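For reference, query_30.txt (compact mmCIF, C-alpha atoms and all ligand atoms):
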```txt
# COMPACT_ATOMS: atom_id res chain seq x y z
CA MET C 1 25.66 -0.01 38.64
CA ASN C 2 26.56 -3.60 39.51
CA SER C 3 27.75 -6.24 37.00
CA GLN C 4 24.30 -7.90 36.76
CA GLU C 5 22.74 -4.59 35.82
CA GLN C 6 25.52 -4.00 33.25
CA ASP C 7 24.96 -7.46 31.74
CA LYS C 8 21.22 -6.80 31.56
CA GLU C 9 21.89 -3.55 29.69
CA LYS C 10 23.97 -5.41 27.10
CA GLU C 11 21.44 -8.21 26.69
CA VAL C 12 19.85 -8.46 23.26
CA THR C 13 16.18 -9.32 23.32
CA ILE C 14 13.95 -10.39 20.43
CA LYS C 15 10.21 -10.12 20.70
CA VAL C 16 7.96 -11.85 18.18
CA MET C 17 5.01 -9.55 17.60
CA LYS C 18 1.67 -11.21 16.94
CA ASP C 19 0.95 -10.90 13.20
CA GLY C 20 3.90 -8.52 12.90
CA PRO C 21 7.65 -8.02 12.96
CA LEU C 22 10.51 -9.19 15.12
CA VAL C 23 11.39 -6.38 17.49
CA ILE C 24 15.03 -6.52 18.51
CA GLN C 25 16.49 -4.44 21.30
CA GLY C 26 20.26 -4.33 21.25
CA PRO C 27 22.82 -3.01 20.89
CA ILE C 28 22.98 -4.79 17.53
CA THR C 29 24.87 -4.55 14.26
CA LEU C 30 22.91 -5.63 11.20
CA THR C 31 24.92 -7.35 8.44
CA TYR C 32 23.38 -7.58 4.96
CA ALA C 33 23.74 -10.61 2.67
CA ASN C 34 26.47 -8.83 0.69
CA GLY C 35 28.51 -8.47 3.86
CA THR C 36 28.00 -4.75 4.37
CA GLU C 37 27.07 -3.61 7.81
CA SER C 38 24.56 -0.97 8.65
CA ARG C 39 25.18 1.36 11.51
CA LYS C 40 24.97 0.02 15.02
CA MET C 41 21.46 0.25 16.35
CA ALA C 42 19.84 0.11 19.75
CA PHE C 43 16.55 -1.05 18.27
CA ALA C 44 15.30 -2.67 15.06
CA SER C 45 11.97 -3.95 13.84
CA LEU C 46 12.54 -6.63 11.21
CA CYS C 47 9.92 -7.73 8.72
CA ARG C 48 8.83 -11.34 8.80
CA CYS C 49 5.82 -11.09 6.50
CA GLY C 50 7.89 -10.50 3.36
CA GLU C 51 5.79 -7.52 2.24
CA SER C 52 7.80 -4.55 3.52
CA ASN C 53 8.93 -1.90 1.04
CA ASN C 54 11.91 -1.19 3.27
CA MET C 55 13.47 -4.63 3.76
CA PRO C 56 14.73 -5.92 6.06
CA PHE C 57 12.83 -3.49 8.24
CA CYS C 58 9.13 -3.55 8.97
CA ASP C 59 7.25 -0.62 7.47
CA GLY C 60 3.86 -1.58 8.85
CA TYR C 61 2.65 -3.11 5.58
CA HIS C 62 1.96 -6.43 7.31
CA ARG C 63 -1.37 -4.94 8.42
CA LYS C 64 -2.49 -4.19 4.85
CA ALA C 65 -1.11 -7.54 3.67
CA GLY C 66 -3.18 -9.36 6.28
CA PHE C 67 -0.16 -11.19 7.65
CA CYS C 68 -1.26 -13.78 10.14
CA SER C 69 1.32 -15.66 12.17
CA GLU C 70 0.97 -18.72 14.31
CA THR C 71 3.36 -17.39 16.95
S1 LIG C 101 6.26 -7.58 9.35
FE1 LIG C 101 5.75 -5.50 9.10
S2 LIG C 101 5.92 -5.16 6.98
FE2 LIG C 101 6.44 -7.24 7.23
```
Take the structure I supplied and represent it as structure tokens, if you would.
Ligand code: FES
Amino acid sequence: MNSQEQDKEKEVTIKVMKDGPLVIQGPITLTYANGTESRKMAFASLCRCGESNNMPFCDGYHRKAGFCSET
């Protein structure tokens, strides 16, 4: 594997889902407001509708809530 391929593997990408969460592909480490860190993750889907029962993660409730985003 060359260095460009290695850099690409380490690249974090964030995809804004239409009327849904932010899908982050890592590796990432999530830090909560109180400073604690969750485990390192390769993937996370973060709520942006504010209706999840499993914050900060999306639990799919945005569909029932009728979340509609402009982006
Ligand atoms: S974006 Fe999915 S529950 Fe909020």
Practice task
Could I get the residue neighbourhood of ligand LIG 101 (chain C) at 10 Å, counting all atoms listed in the file, as a PyMOL selection string?
Solution key: chain C and resi 16-23+45-69
Handout entry: Distance in Å - CA of Ile24 in chain C versus CA of Ala44 in chain C
Key = 5.2 Å
Exercise for the section: Enumerate, as an NGL selection string, the protein, DNA and RNA residues whose atoms approach (24.0, -4.0, 29.5) to within 12 Å, taking into account only C-alpha atoms and the coordinate frame of the file. Expected result: :C and (1-13 or 25-27 or 42)
